[in-house]
>>> print(open('work_4.txt').read())   # compact mmCIF, C-alpha atoms
# COMPACT_ATOMS: atom_id res chain seq x y z
CA MET A 1 10.77 -6.91 -5.66
CA SER A 2 12.63 -8.21 -2.64
CA ALA A 3 11.08 -10.72 -0.27
CA ILE A 4 10.64 -8.10 2.40
CA GLY A 5 8.74 -5.88 0.00
CA VAL A 6 6.26 -8.65 -0.58
CA VAL A 7 5.97 -10.14 2.88
CA SER A 8 5.80 -7.28 5.28
CA SER A 9 4.03 -4.28 3.88
CA CYS A 10 1.01 -2.47 5.22
CA SER A 11 -0.42 0.98 4.75
CA CYS A 12 0.37 2.78 7.95
CA LEU A 13 2.16 5.76 9.42
CA ARG A 14 5.25 5.99 11.59
CA PRO A 15 4.29 7.39 14.99
CA GLY A 16 5.55 10.89 15.76
CA VAL A 17 7.70 12.89 13.38
CA TRP A 18 8.97 11.34 10.20
CA LEU A 19 12.70 12.01 10.15
CA LEU A 20 15.42 9.91 8.62
CA LYS A 21 19.09 9.68 9.46
CA PRO A 22 21.14 11.91 7.14
CA GLY A 23 23.49 10.25 4.71
CA MET A 24 25.83 11.03 1.86
CA GLN A 25 25.74 9.48 -1.58
CA LYS A 26 28.18 9.82 -4.44
CA MET A 27 26.52 10.18 -7.82
CA SER A 28 27.78 10.77 -11.31
CA SER A 29 27.23 14.23 -12.75
CA PHE A 30 23.94 14.86 -14.47
CA GLY A 31 22.23 17.37 -16.69
CA LEU A 32 18.54 18.21 -16.51
CA HIS A 33 16.28 17.53 -19.47
CA THR A 34 14.63 20.96 -19.34
CA ALA A 35 11.78 22.00 -21.57
CA ALA A 36 10.90 25.34 -23.06
CA ARG A 37 8.22 27.14 -21.04
CA CYS A 38 4.72 26.90 -22.46
CA ALA A 39 1.49 28.58 -21.46
CA ALA A 40 0.73 28.21 -17.74
CA LYS A 41 -2.13 25.80 -18.29
CA ASP A 42 0.05 23.28 -20.15
CA TYR A 43 3.37 23.75 -18.31
CA TYR A 44 4.24 23.43 -14.63
CA GLU A 45 7.54 23.66 -12.84
CA VAL A 46 6.54 20.59 -10.80
CA LEU A 47 4.02 18.09 -12.13
CA VAL A 48 2.80 15.36 -9.77
CA LEU A 49 1.13 12.24 -11.17
CA GLY A 50 -1.31 10.78 -8.63
CA GLY A 51 -3.37 12.27 -5.82
CA GLY A 52 -2.90 9.52 -3.26
CA THR A 53 -0.76 9.69 -0.14
CA GLY A 54 2.54 10.27 -1.96
CA GLY A 55 1.14 12.71 -4.51
CA ILE A 56 -0.68 14.97 -2.04
CA THR A 57 2.23 14.92 0.41
CA MET A 58 4.78 15.89 -2.23
CA SER A 59 2.55 18.54 -3.83
CA ALA A 60 2.25 20.21 -0.41
CA ARG A 61 6.04 20.15 -0.04
CA MET A 62 6.62 21.42 -3.59
CA LYS A 63 4.13 24.26 -3.10
CA ARG A 64 6.40 25.65 -0.41
CA LYS A 65 9.41 25.43 -2.73
CA VAL A 66 8.14 26.86 -6.01
CA GLY A 67 4.74 28.40 -5.23
CA ALA A 68 1.29 26.88 -5.56
CA GLY A 69 0.69 28.19 -9.07
CA ASN A 70 3.73 26.31 -10.33
CA VAL A 71 2.57 22.90 -9.08
CA ALA A 72 -0.13 20.65 -10.54
CA VAL A 73 -1.49 17.24 -9.54
CA VAL A 74 -3.03 14.88 -12.10
CA GLU A 75 -5.70 12.77 -10.37
CA PRO A 76 -9.05 11.56 -11.77
CA SER A 77 -10.63 10.40 -8.50
CA LYS A 78 -13.09 12.67 -6.72
CA THR A 79 -12.58 10.92 -3.37
CA HIS A 80 -9.39 10.42 -1.36
CA TYR A 81 -9.32 7.42 0.99
CA TYR A 82 -7.24 6.66 4.05
CA GLN A 83 -7.04 2.97 3.19
CA PRO A 84 -5.29 1.68 6.34
CA LEU A 85 -8.66 2.10 8.06
CA TRP A 86 -10.27 -0.51 5.80
CA THR A 87 -8.92 -3.36 7.93
CA LEU A 88 -11.06 -2.05 10.78
CA VAL A 89 -13.99 -1.36 8.44
CA GLY A 90 -13.92 -4.99 7.29
CA GLY A 91 -13.81 -6.07 10.92
CA GLY A 92 -16.78 -3.88 11.88
CA ALA A 93 -14.73 -1.58 14.14
CA LYS A 94 -14.94 1.55 11.91
CA GLN A 95 -17.37 3.00 9.37
CA LEU A 96 -16.28 3.27 5.73
CA ALA A 97 -17.32 6.94 5.58
CA THR A 98 -14.65 7.85 8.14
CA SER A 99 -11.93 6.81 5.67
CA ALA A 100 -13.08 9.16 2.89
CA ARG A 101 -12.74 12.84 2.10
CA PRO A 102 -13.29 14.79 -1.13
CA THR A 103 -10.06 15.01 -3.11
CA GLY A 104 -10.49 18.78 -3.34
CA SER A 105 -10.41 19.05 0.44
CA VAL A 106 -6.96 17.42 0.71
CA MET A 107 -5.44 19.18 -2.31
CA PRO A 108 -3.04 21.90 -1.09
CA LYS A 109 -4.60 25.34 -1.51
CA GLY A 110 -3.64 26.95 -4.79
CA VAL A 111 -2.14 23.82 -6.32
CA GLU A 112 -3.78 23.04 -9.67
CA TRP A 113 -5.86 19.86 -9.62
CA ILE A 114 -6.00 18.39 -13.13
CA LYS A 115 -8.99 16.05 -13.03
CA SER A 116 -7.80 13.64 -15.68
CA ARG A 117 -5.93 10.38 -16.19
CA VAL A 118 -2.37 9.98 -17.46
CA THR A 119 -2.22 7.97 -20.68
CA ALA A 120 1.49 8.21 -21.59
CA LEU A 121 4.81 9.54 -20.28
CA ASP A 122 7.49 11.06 -22.52
CA PRO A 123 10.43 11.90 -20.23
CA ASP A 124 12.74 12.60 -23.18
CA LYS A 125 10.51 15.56 -24.09
CA ASN A 126 9.57 16.43 -20.49
CA CYS A 127 5.87 15.96 -21.00
CA VAL A 128 2.97 13.62 -20.28
CA TRP A 129 -0.20 12.94 -22.20
CA LEU A 130 -3.63 12.90 -20.60
CA GLU A 131 -7.04 11.80 -21.78
CA ASN A 132 -8.41 13.68 -24.80
CA ASP A 133 -4.85 14.02 -26.15
CA THR A 134 -3.98 16.81 -23.71
CA LYS A 135 -0.26 17.44 -23.35
CA ILE A 136 1.29 18.81 -20.15
CA SER A 137 4.96 19.80 -19.96
CA TYR A 138 7.08 20.04 -16.83
CA LYS A 139 10.49 20.90 -15.47
CA TYR A 140 10.33 18.31 -12.68
CA LEU A 141 8.10 15.23 -12.56
CA ILE A 142 7.06 13.29 -9.45
CA ILE A 143 5.40 9.92 -10.14
CA ALA A 144 3.08 8.73 -7.37
CA LEU A 145 0.60 6.56 -9.25
CA GLY A 146 0.20 3.83 -6.65
CA ILE A 147 -0.53 0.19 -7.40
CA SER A 148 -3.31 -1.51 -9.39
CA LEU A 149 -5.62 -4.25 -8.13
CA HIS A 150 -6.30 -7.19 -10.45
CA TYR A 151 -9.25 -9.20 -9.17
CA GLU A 152 -9.88 -10.24 -12.77
CA LYS A 153 -6.72 -12.38 -12.71
CA ILE A 154 -8.58 -14.77 -10.41
CA LYS A 155 -11.08 -16.80 -12.43
CA GLY A 156 -14.62 -16.06 -11.23
CA LEU A 157 -13.83 -12.54 -10.01
CA PRO A 158 -14.83 -9.78 -9.71
CA GLU A 159 -18.31 -11.05 -10.58
CA GLY A 160 -18.10 -13.50 -7.67
CA PHE A 161 -18.49 -10.60 -5.23
CA GLN A 162 -22.16 -10.48 -6.20
CA HIS A 163 -22.58 -13.60 -4.06
CA PRO A 164 -22.58 -13.62 -0.26
CA LYS A 165 -19.83 -15.10 1.97
CA ILE A 166 -17.01 -13.30 0.12
CA GLY A 167 -15.32 -9.96 0.68
CA SER A 168 -12.07 -8.04 0.26
CA ASN A 169 -10.70 -5.20 2.37
CA TYR A 170 -8.65 -3.91 -0.56
CA SER A 171 -11.48 -2.24 -2.48
CA VAL A 172 -13.99 0.41 -1.45
CA HIS A 173 -16.59 -1.68 -3.29
CA THR A 174 -15.99 -4.90 -1.37
CA VAL A 175 -14.70 -3.96 2.10
CA GLU A 176 -18.19 -3.79 3.63
CA LYS A 177 -18.94 -7.22 2.17
CA THR A 178 -16.17 -8.55 4.43
CA TRP A 179 -18.03 -7.36 7.54
CA LYS A 180 -21.29 -8.82 6.23
CA ALA A 181 -19.63 -12.21 5.57
CA LEU A 182 -18.06 -12.11 9.02
CA GLN A 183 -21.42 -11.45 10.69
CA ASP A 184 -23.26 -14.07 8.60
CA PHE A 185 -20.74 -16.84 9.33
CA LYS A 186 -22.37 -20.00 10.72
CA GLU A 187 -19.92 -22.89 10.51
CA GLY A 188 -17.21 -24.24 8.23
CA ASN A 189 -14.02 -22.97 6.63
CA ALA A 190 -13.04 -19.31 6.91
CA ILE A 191 -10.28 -18.77 4.34
CA PHE A 192 -7.97 -15.75 4.07
CA THR A 193 -5.68 -15.45 1.04
CA PHE A 194 -2.39 -13.84 0.02
CA PRO A 195 -1.54 -13.63 -3.73
CA ASN A 196 1.61 -14.49 -5.63
CA THR A 197 2.46 -10.83 -6.41
CA PRO A 198 3.81 -7.80 -4.58
CA VAL A 199 0.96 -6.16 -2.64
CA LYS A 200 0.32 -3.05 -0.61
CA CYS A 201 -0.41 -3.52 3.05
CA ALA A 202 0.66 -7.15 3.06
CA GLY A 203 -0.11 -7.41 6.75
CA ALA A 204 -3.79 -6.74 6.03
CA PRO A 205 -4.73 -10.32 5.00
CA GLN A 206 -3.58 -11.49 8.44
CA LYS A 207 -5.13 -8.56 10.31
CA ILE A 208 -8.67 -9.34 9.12
CA MET A 209 -8.08 -13.02 9.94
CA TYR A 210 -7.17 -12.19 13.56
CA LEU A 211 -10.12 -9.79 13.85
CA SER A 212 -12.50 -12.42 12.45
CA GLU A 213 -11.21 -15.06 14.85
CA ALA A 214 -11.65 -12.64 17.77
CA TYR A 215 -15.17 -11.75 16.62
CA TRP A 216 -16.21 -15.40 16.50
CA ARG A 217 -14.78 -16.00 19.95
CA LYS A 218 -16.80 -13.06 21.22
CA THR A 219 -20.01 -14.28 19.54
CA GLY A 220 -19.63 -17.95 20.51
CA LYS A 221 -19.00 -19.22 16.97
CA ARG A 222 -15.27 -19.96 17.22
CA SER A 223 -15.68 -23.69 17.83
CA LYS A 224 -17.57 -23.95 14.52
CA ALA A 225 -14.91 -22.09 12.50
CA ASN A 226 -11.91 -23.67 10.79
CA VAL A 227 -9.73 -20.59 10.25
CA MET A 228 -7.24 -20.97 7.37
CA PHE A 229 -4.55 -18.66 6.03
CA ASN A 230 -3.60 -19.74 2.50
CA THR A 231 -0.56 -17.73 1.47
CA SER A 232 1.63 -17.86 -1.62
CA LEU A 233 4.62 -17.04 0.57
CA GLY A 234 6.89 -19.43 2.40
CA VAL A 235 6.94 -17.45 5.66
CA ILE A 236 4.31 -15.73 7.79
CA PHE A 237 6.24 -12.42 7.95
CA GLY A 238 9.55 -11.16 6.59
CA VAL A 239 11.09 -9.94 9.87
CA LYS A 240 11.95 -12.81 12.23
CA LYS A 241 11.24 -10.92 15.45
CA TYR A 242 7.63 -10.26 14.45
CA ALA A 243 7.20 -13.56 12.61
CA ASP A 244 8.03 -15.45 15.81
CA ALA A 245 5.42 -13.45 17.72
CA LEU A 246 2.77 -14.06 15.04
CA LEU A 247 3.44 -17.80 14.93
CA GLU A 248 2.85 -17.97 18.68
CA ILE A 249 -0.52 -16.25 18.23
CA ILE A 250 -1.41 -18.56 15.34
CA LYS A 251 -0.59 -21.62 17.45
CA GLU A 252 -2.47 -20.30 20.47
CA ARG A 253 -5.59 -19.54 18.42
CA ASN A 254 -5.51 -22.79 16.43
CA ILE A 255 -5.24 -21.18 13.01
CA ALA A 256 -4.17 -23.36 10.06
CA VAL A 257 -1.49 -21.86 7.79
CA ASN A 258 -0.98 -23.35 4.35
CA TYR A 259 2.16 -21.95 2.72
CA ARG A 260 2.82 -21.67 -1.03
CA ARG A 261 -0.87 -21.74 -1.93
CA ASN A 262 -2.13 -19.23 -4.51
CA LEU A 263 -5.82 -18.53 -5.16
CA VAL A 264 -6.54 -19.06 -8.87
CA GLU A 265 -10.32 -19.45 -9.02
CA VAL A 266 -13.44 -18.63 -7.01
CA ARG A 267 -16.67 -20.57 -7.67
CA ALA A 268 -18.84 -18.25 -5.65
CA ASP A 269 -22.10 -20.00 -6.54
CA LYS A 270 -20.75 -23.21 -4.97
CA GLN A 271 -18.71 -21.46 -2.25
CA GLU A 272 -15.52 -23.09 -3.52
CA ALA A 273 -12.01 -21.62 -3.67
CA VAL A 274 -9.36 -23.20 -5.90
CA PHE A 275 -5.69 -22.89 -4.97
CA GLU A 276 -2.57 -23.80 -6.92
CA ASN A 277 0.27 -25.48 -5.03
CA LEU A 278 3.22 -23.30 -6.03
CA ASP A 279 5.68 -26.06 -5.18
CA LYS A 280 3.83 -28.40 -7.55
CA PRO A 281 2.86 -26.28 -10.58
CA GLY A 282 -0.44 -27.32 -12.10
CA VAL A 283 -1.59 -29.15 -8.96
CA THR A 284 -4.68 -27.54 -7.45
CA GLU A 285 -6.76 -27.95 -4.29
CA VAL A 286 -10.44 -27.10 -3.87
CA HIS A 287 -11.68 -25.82 -0.52
CA GLN A 288 -15.29 -25.27 0.46
CA TYR A 289 -15.74 -21.99 2.35
CA GLU A 290 -18.31 -20.39 4.62
CA MET A 291 -16.33 -17.13 4.45
CA LEU A 292 -13.64 -16.08 1.98
CA HIS A 293 -11.46 -12.95 2.22
CA VAL A 294 -9.60 -12.27 -1.04
CA THR A 295 -6.38 -10.30 -1.34
CA PRO A 296 -6.16 -9.61 -5.08
CA PRO A 297 -3.08 -9.90 -7.29
CA MET A 298 -1.53 -6.46 -7.79
CA GLY A 299 0.86 -4.80 -10.20
CA PRO A 300 2.05 -1.50 -11.67
CA PRO A 301 -0.55 0.84 -13.19
CA ASP A 302 -1.06 0.10 -16.90
CA VAL A 303 0.40 3.46 -17.97
CA LEU A 304 3.75 2.48 -16.43
CA ILE A 305 4.06 -0.90 -18.14
CA ASN A 306 6.59 -0.60 -20.99
CA SER A 307 7.06 3.08 -20.10
CA PRO A 308 10.50 4.74 -20.48
CA VAL A 309 10.46 5.51 -16.74
CA SER A 310 9.86 1.92 -15.65
CA ASP A 311 11.90 -1.21 -15.10
CA ALA A 312 11.23 -4.46 -16.98
CA ILE A 313 8.20 -5.27 -14.79
CA GLY A 314 6.64 -1.81 -14.84
CA TRP A 315 7.69 -0.22 -11.54
CA VAL A 316 9.20 3.30 -11.66
CA ASP A 317 12.97 2.77 -11.72
CA VAL A 318 14.44 4.96 -8.97
CA ASP A 319 17.58 5.04 -6.85
CA LYS A 320 16.69 3.30 -3.60
CA GLU A 321 18.41 5.92 -1.43
CA THR A 322 17.50 9.23 -3.14
CA LEU A 323 14.27 8.33 -5.04
CA GLN A 324 15.66 10.07 -8.12
CA HIS A 325 15.09 8.28 -11.41
CA LYS A 326 18.10 6.26 -12.56
CA LYS A 327 18.01 7.68 -16.11
CA TYR A 328 16.07 10.96 -15.99
CA PRO A 329 17.46 13.27 -13.27
CA ASN A 330 14.40 15.56 -13.28
CA VAL A 331 12.03 12.61 -12.67
CA PHE A 332 11.33 11.17 -9.21
CA GLY A 333 9.16 8.41 -7.78
CA ILE A 334 7.50 7.78 -4.45
CA GLY A 335 5.36 5.09 -2.88
CA ASP A 336 3.71 1.97 -4.25
CA CYS A 337 4.51 2.55 -7.94
CA THR A 338 8.29 2.43 -7.44
CA ASN A 339 10.73 -0.49 -7.43
CA LEU A 340 12.13 0.42 -4.01
CA PRO A 341 12.90 -2.90 -2.26
CA THR A 342 10.74 -2.15 0.76
CA SER A 343 7.10 -2.44 1.79
CA LYS A 344 4.44 -0.56 -0.15
CA THR A 345 2.97 1.46 2.72
CA ALA A 346 1.93 4.93 3.78
CA ALA A 347 4.58 4.63 6.48
CA ALA A 348 7.17 4.20 3.75
CA VAL A 349 5.72 7.20 1.90
CA ALA A 350 6.00 9.30 5.06
CA ALA A 351 9.71 8.45 5.36
CA GLN A 352 10.32 8.71 1.62
CA SER A 353 8.72 12.14 1.36
CA GLY A 354 11.31 13.72 3.66
CA VAL A 355 14.17 12.23 1.66
CA LEU A 356 12.62 13.15 -1.69
CA ASP A 357 12.04 16.71 -0.50
CA LYS A 358 15.76 17.07 0.24
CA THR A 359 16.71 15.33 -3.02
CA ILE A 360 14.62 17.67 -5.17
CA SER A 361 15.85 20.75 -3.28
CA LEU A 362 19.45 19.90 -4.13
CA VAL A 363 18.66 18.91 -7.73
CA MET A 364 16.96 22.29 -8.20
CA LYS A 365 20.26 23.89 -7.12
CA ASN A 366 22.30 21.65 -9.45
CA GLN A 367 23.75 19.87 -6.44
CA LEU A 368 24.06 16.15 -5.72
CA PRO A 369 21.46 14.51 -3.48
CA THR A 370 22.82 13.59 -0.06
CA LYS A 371 19.86 12.44 2.03
CA LYS A 372 19.44 8.65 2.13
CA TYR A 373 16.26 6.62 2.58
CA ASP A 374 17.00 3.55 4.71
CA GLY A 375 13.92 1.58 3.69
CA TYR A 376 11.99 2.40 6.87
CA THR A 377 8.45 1.10 6.96
CA SER A 378 5.91 0.23 9.60
CA CYS A 379 3.00 -2.15 10.00
CA PRO A 380 0.67 -2.12 12.99
CA LEU A 381 -0.36 -5.79 12.97
CA VAL A 382 -3.88 -5.82 14.36
CA THR A 383 -4.28 -9.08 16.29
CA GLY A 384 -7.60 -8.31 17.97
CA TYR A 385 -10.14 -5.56 18.64
CA ASN A 386 -7.79 -3.97 21.18
CA LYS A 387 -4.39 -5.44 20.36
CA VAL A 388 -1.61 -4.52 17.95
CA ILE A 389 1.98 -5.61 17.36
CA LEU A 390 3.78 -2.57 15.95
CA ALA A 391 6.31 -3.82 13.40
CA GLU A 392 8.90 -1.31 12.17
CA PHE A 393 11.94 -2.23 10.09
CA ASP A 394 14.36 -1.19 7.32
CA TYR A 395 15.69 -2.42 3.97
CA ASP A 396 17.64 -5.18 5.69
CA ALA A 397 14.56 -6.52 7.52
CA GLN A 398 16.05 -5.33 10.79
CA PRO A 399 13.72 -3.87 13.44
CA LEU A 400 13.85 -0.06 13.44
CA GLU A 401 11.59 0.64 16.39
CA THR A 402 10.35 4.00 17.67
CA PHE A 403 9.58 3.14 21.29
CA PRO A 404 11.86 1.84 24.10
CA ILE A 405 9.72 -1.27 24.55
CA ASP A 406 9.46 -4.69 22.93
CA GLN A 407 7.17 -3.88 19.99
CA SER A 408 6.70 -7.57 19.16
CA LYS A 409 4.31 -7.78 22.13
CA GLU A 410 0.57 -7.25 21.66
CA ARG A 411 -0.40 -3.91 23.20
CA VAL A 412 -3.64 -1.99 23.72
CA THR A 413 -1.81 1.33 23.39
CA MET A 414 -0.61 0.42 19.91
CA TYR A 415 -4.16 -0.47 18.90
CA HIS A 416 -5.39 3.00 19.85
CA MET A 417 -2.46 4.49 17.96
CA LYS A 418 -3.49 2.52 14.86
CA ALA A 419 -7.23 3.12 15.16
CA ASP A 420 -7.38 6.66 16.52
CA MET A 421 -4.09 8.57 16.41
CA MET A 422 -2.75 7.57 12.99
CA PRO A 423 -5.83 8.77 11.05
CA LEU A 424 -5.49 12.17 12.76
CA LEU A 425 -1.79 12.31 11.90
CA TYR A 426 -2.59 11.34 8.31
CA TRP A 427 -5.26 13.98 7.65
CA ASN A 428 -3.67 16.78 9.69
CA ALA A 429 0.08 16.23 9.38
CA LEU A 430 1.34 13.96 6.59
CA LEU A 431 -0.93 15.28 3.82
CA LYS A 432 -0.13 18.85 4.78
>>> encode(input="work_4.txt", output="structure tokens")
Amino acid sequence: MSAIGVVSSCSCLRPGVWLLKPGMQKMSSFGLHTAARCAAKDYYEVLVLGGGTGGITMSARMKRKVGAGNVAVVEPSKTHYYQPLWTLVGGGAKQLATSARPTGSVMPKGVEWIKSRVTALDPDKNCVWLENDTKISYKYLIIALGISLHYEKIKGLPEGFQHPKIGSNYSVHTVEKTWKALQDFKEGNAIFTFPNTPVKCAGAPQKIMYLSEAYWRKTGKRSKANVMFNTSLGVIFGVKKYADALLEIIKERNIAVNYRRNLVEVRADKQEAVFENLDKPGVTEVHQYEMLHVTPPMGPPDVLINSPVSDAIGWVDVDKETLQHKKYPNVFGIGDCTNLPTSKTAAAVAAQSGVLDKTISLVMKNQLPTKKYDGYTSCPLVTGYNKVILAEFDYDAQPLETFPIDQSKERVTMYHMKADMMPLLYWNALLK
């Protein structure tokens, strides 16, 4: 995972239409690993693993290519969440219910929803195994399994969430605890963490910090709060233009940033957080807290670890320009589960989906993919209850901005885009 993939991700959507610049790529010839057709219920022309943003988006696109009855999505969850809204839920600006819809309501009409969990992938035989030893075969496979949260890798969690003063915007079970801890704050340290792993929406740990600081200013508690950002990274953000703007805000608001600090233990009964100094392995620091926001360690879903489709770490091993698998030409990846060296965001998925659509179309015609993904991603950095810096950039950490303005400036218009327009675009455009 590149530095930019770790530093600057956030689950968000690119404003307007999601189009990428066309490109040409030379590839070696390939042959498809096709399987013999089985009964309809255990064979699909296109099988999609995962019913999150990438999975639903691509199943809608594939439905138009091969017909709804030839597409299936494997997804165990009954509820689909628009997770970018959880920053605002944790800050008390939105209700959790507004981020949720039944999975069946976002599944493209006619596409088969297989309500199960993938337990193994066998790309050499063009099939996957589900719970209860169910085998599903495919002609083309799209892997969109997302990323896994690992609170348990921090000693004292997740059981520590049973105590007050601690929350996390990354889980549906703990996001409302963030708002409660924010409201209950009296005086002392307010600590916001960033783990020593790749994460999705890596701007989110900062966003809730800025919202919290703004809330305490509004409620007259700011003078009693020592706001701390303890991050495992060595920089505040991976794109210099936006990093410079954020550092100005941090200085202006008197926020303490402690770099290269990784949360390793939470003693929730004592309201203590233990951090390892990554520049001095084995050396730890203990901080008392009045509020603690935890960003958990994250990693590939278990089913992908040591899988034939994954790299050494467990991410789906795809070409960074076409999203086609490097070994299996009828397998493709999209979103957080891949090893694309960019941010793990819904904005990235939006851009990737257009490229992947073109890639699969050409592969289906035995032609070489030509469309190139440039690494575009976006992160609306919420810096207050009516302010956002809209960061947009590419694989090279260069700004790739949509609007003819300086997007490193805090703007009210960008806040309304984040809070109001992007959810509408998500439900009514991207997923469809």
>>> closest_residue(input="work_4.txt", among="A:Thr87, A:Thr295, A:Thr338, A:Asn306", to="Glu152 of chain A", atoms="all atoms listed in the file")
A:Thr295
>>> closest_residue(input="work_4.txt", among="A:Thr103, A:Ser307, A:Thr359, A:Gln398", to="Val128 of chain A", atoms="all atoms listed in the file")
A:Ser307
>>> closest_residue(input="work_4.txt", among="A:Gly188, A:Pro108, A:Pro399, A:Gly69", to="Asn428 of chain A", atoms="only C-alpha atoms")
A:Pro108
>>> residues_around(input="work_4.txt", residues="Arg61 of chain A", least_positions_apart="5", cutoff="10 Å", atoms="only C-alpha atoms", output="compact mmCIF listing (two decimals) with C-alpha atoms, keeping the file's coordinate frame")
# COMPACT_ATOMS: atom_id res chain seq x y z
CA GLY A 55 1.14 12.71 -4.51
CA ILE A 56 -0.68 14.97 -2.04
CA VAL A 66 8.14 26.86 -6.01
CA GLY A 67 4.74 28.40 -5.23
CA ALA A 68 1.29 26.88 -5.56
CA PRO A 108 -3.04 21.90 -1.09
CA SER A 353 8.72 12.14 1.36
CA GLY A 354 11.31 13.72 3.66
CA LEU A 356 12.62 13.15 -1.69
CA ASP A 357 12.04 16.71 -0.50
CA LEU A 431 -0.93 15.28 3.82
CA LYS A 432 -0.13 18.85 4.78
>>> closest_residue(input="work_4.txt", among="A:Ser232, A:Thr197, A:Ser148, A:Asn254", to="Asp336 of chain A", atoms="only C-alpha atoms")
A:Ser148
>>> build_atoms(input="work_4.txt", residues="segment 417-422 of chain A", atoms="all heavy atoms", output="PDB file, in the frame of the given file")
ATOM      1  N   MET A 417      -3.271   3.705  18.883  1.00  0.00           N
ATOM      2  CA  MET A 417      -2.460   4.490  17.960  1.00  0.00           C
ATOM      3  C   MET A 417      -2.890   4.212  16.516  1.00  0.00           C
ATOM      4  O   MET A 417      -3.069   5.134  15.715  1.00  0.00           O
ATOM      5  CB  MET A 417      -0.989   4.158  18.138  1.00  0.00           C
ATOM      6  CG  MET A 417      -0.068   4.949  17.229  1.00  0.00           C
ATOM      7  SD  MET A 417       1.647   4.529  17.519  1.00  0.00           S
ATOM      8  CE  MET A 417       1.819   5.096  19.196  1.00  0.00           C
ATOM      9  N   LYS A 418      -3.069   2.924  16.201  1.00  0.00           N
ATOM     10  CA  LYS A 418      -3.490   2.520  14.860  1.00  0.00           C
ATOM     11  C   LYS A 418      -4.890   3.040  14.524  1.00  0.00           C
ATOM     12  O   LYS A 418      -5.125   3.614  13.454  1.00  0.00           O
ATOM     13  CB  LYS A 418      -3.453   0.993  14.766  1.00  0.00           C
ATOM     14  CG  LYS A 418      -4.377   0.347  13.736  1.00  0.00           C
ATOM     15  CD  LYS A 418      -3.873   0.518  12.334  1.00  0.00           C
ATOM     16  CE  LYS A 418      -4.794  -0.207  11.337  1.00  0.00           C
ATOM     17  NZ  LYS A 418      -4.395   0.034   9.936  1.00  0.00           N
ATOM     18  N   ALA A 419      -5.821   2.849  15.448  1.00  0.00           N
ATOM     19  CA  ALA A 419      -7.230   3.120  15.160  1.00  0.00           C
ATOM     20  C   ALA A 419      -7.601   4.596  15.294  1.00  0.00           C
ATOM     21  O   ALA A 419      -8.484   5.072  14.572  1.00  0.00           O
ATOM     22  CB  ALA A 419      -8.116   2.289  16.089  1.00  0.00           C
ATOM     23  N   ASP A 420      -6.941   5.302  16.210  1.00  0.00           N
ATOM     24  CA  ASP A 420      -7.380   6.660  16.520  1.00  0.00           C
ATOM     25  C   ASP A 420      -6.345   7.745  16.206  1.00  0.00           C
ATOM     26  O   ASP A 420      -6.688   8.775  15.631  1.00  0.00           O
ATOM     27  CB  ASP A 420      -7.751   6.741  18.013  1.00  0.00           C
ATOM     28  CG  ASP A 420      -8.802   5.693  18.399  1.00  0.00           C
ATOM     29  OD1 ASP A 420      -9.752   5.506  17.618  1.00  0.00           O
ATOM     30  OD2 ASP A 420      -8.650   5.062  19.458  1.00  0.00           O
ATOM     31  N   MET A 421      -5.085   7.515  16.578  1.00  0.00           N
ATOM     32  CA  MET A 421      -4.090   8.570  16.410  1.00  0.00           C
ATOM     33  C   MET A 421      -3.572   8.679  14.981  1.00  0.00           C
ATOM     34  O   MET A 421      -3.412   9.770  14.442  1.00  0.00           O
ATOM     35  CB  MET A 421      -2.912   8.342  17.361  1.00  0.00           C
ATOM     36  CG  MET A 421      -1.982   9.543  17.439  1.00  0.00           C
ATOM     37  SD  MET A 421      -0.671   9.310  18.650  1.00  0.00           S
ATOM     38  CE  MET A 421       0.668   8.775  17.612  1.00  0.00           C
ATOM     39  N   MET A 422      -3.324   7.528  14.336  1.00  0.00           N
ATOM     40  CA  MET A 422      -2.750   7.570  12.990  1.00  0.00           C
ATOM     41  C   MET A 422      -3.656   8.246  11.963  1.00  0.00           C
ATOM     42  O   MET A 422      -3.161   8.995  11.112  1.00  0.00           O
ATOM     43  CB  MET A 422      -2.349   6.167  12.545  1.00  0.00           C
ATOM     44  CG  MET A 422      -1.087   5.688  13.242  1.00  0.00           C
ATOM     45  SD  MET A 422      -0.554   4.085  12.626  1.00  0.00           S
ATOM     46  CE  MET A 422       0.934   3.850  13.605  1.00  0.00           C
TER      47      MET A 422
END
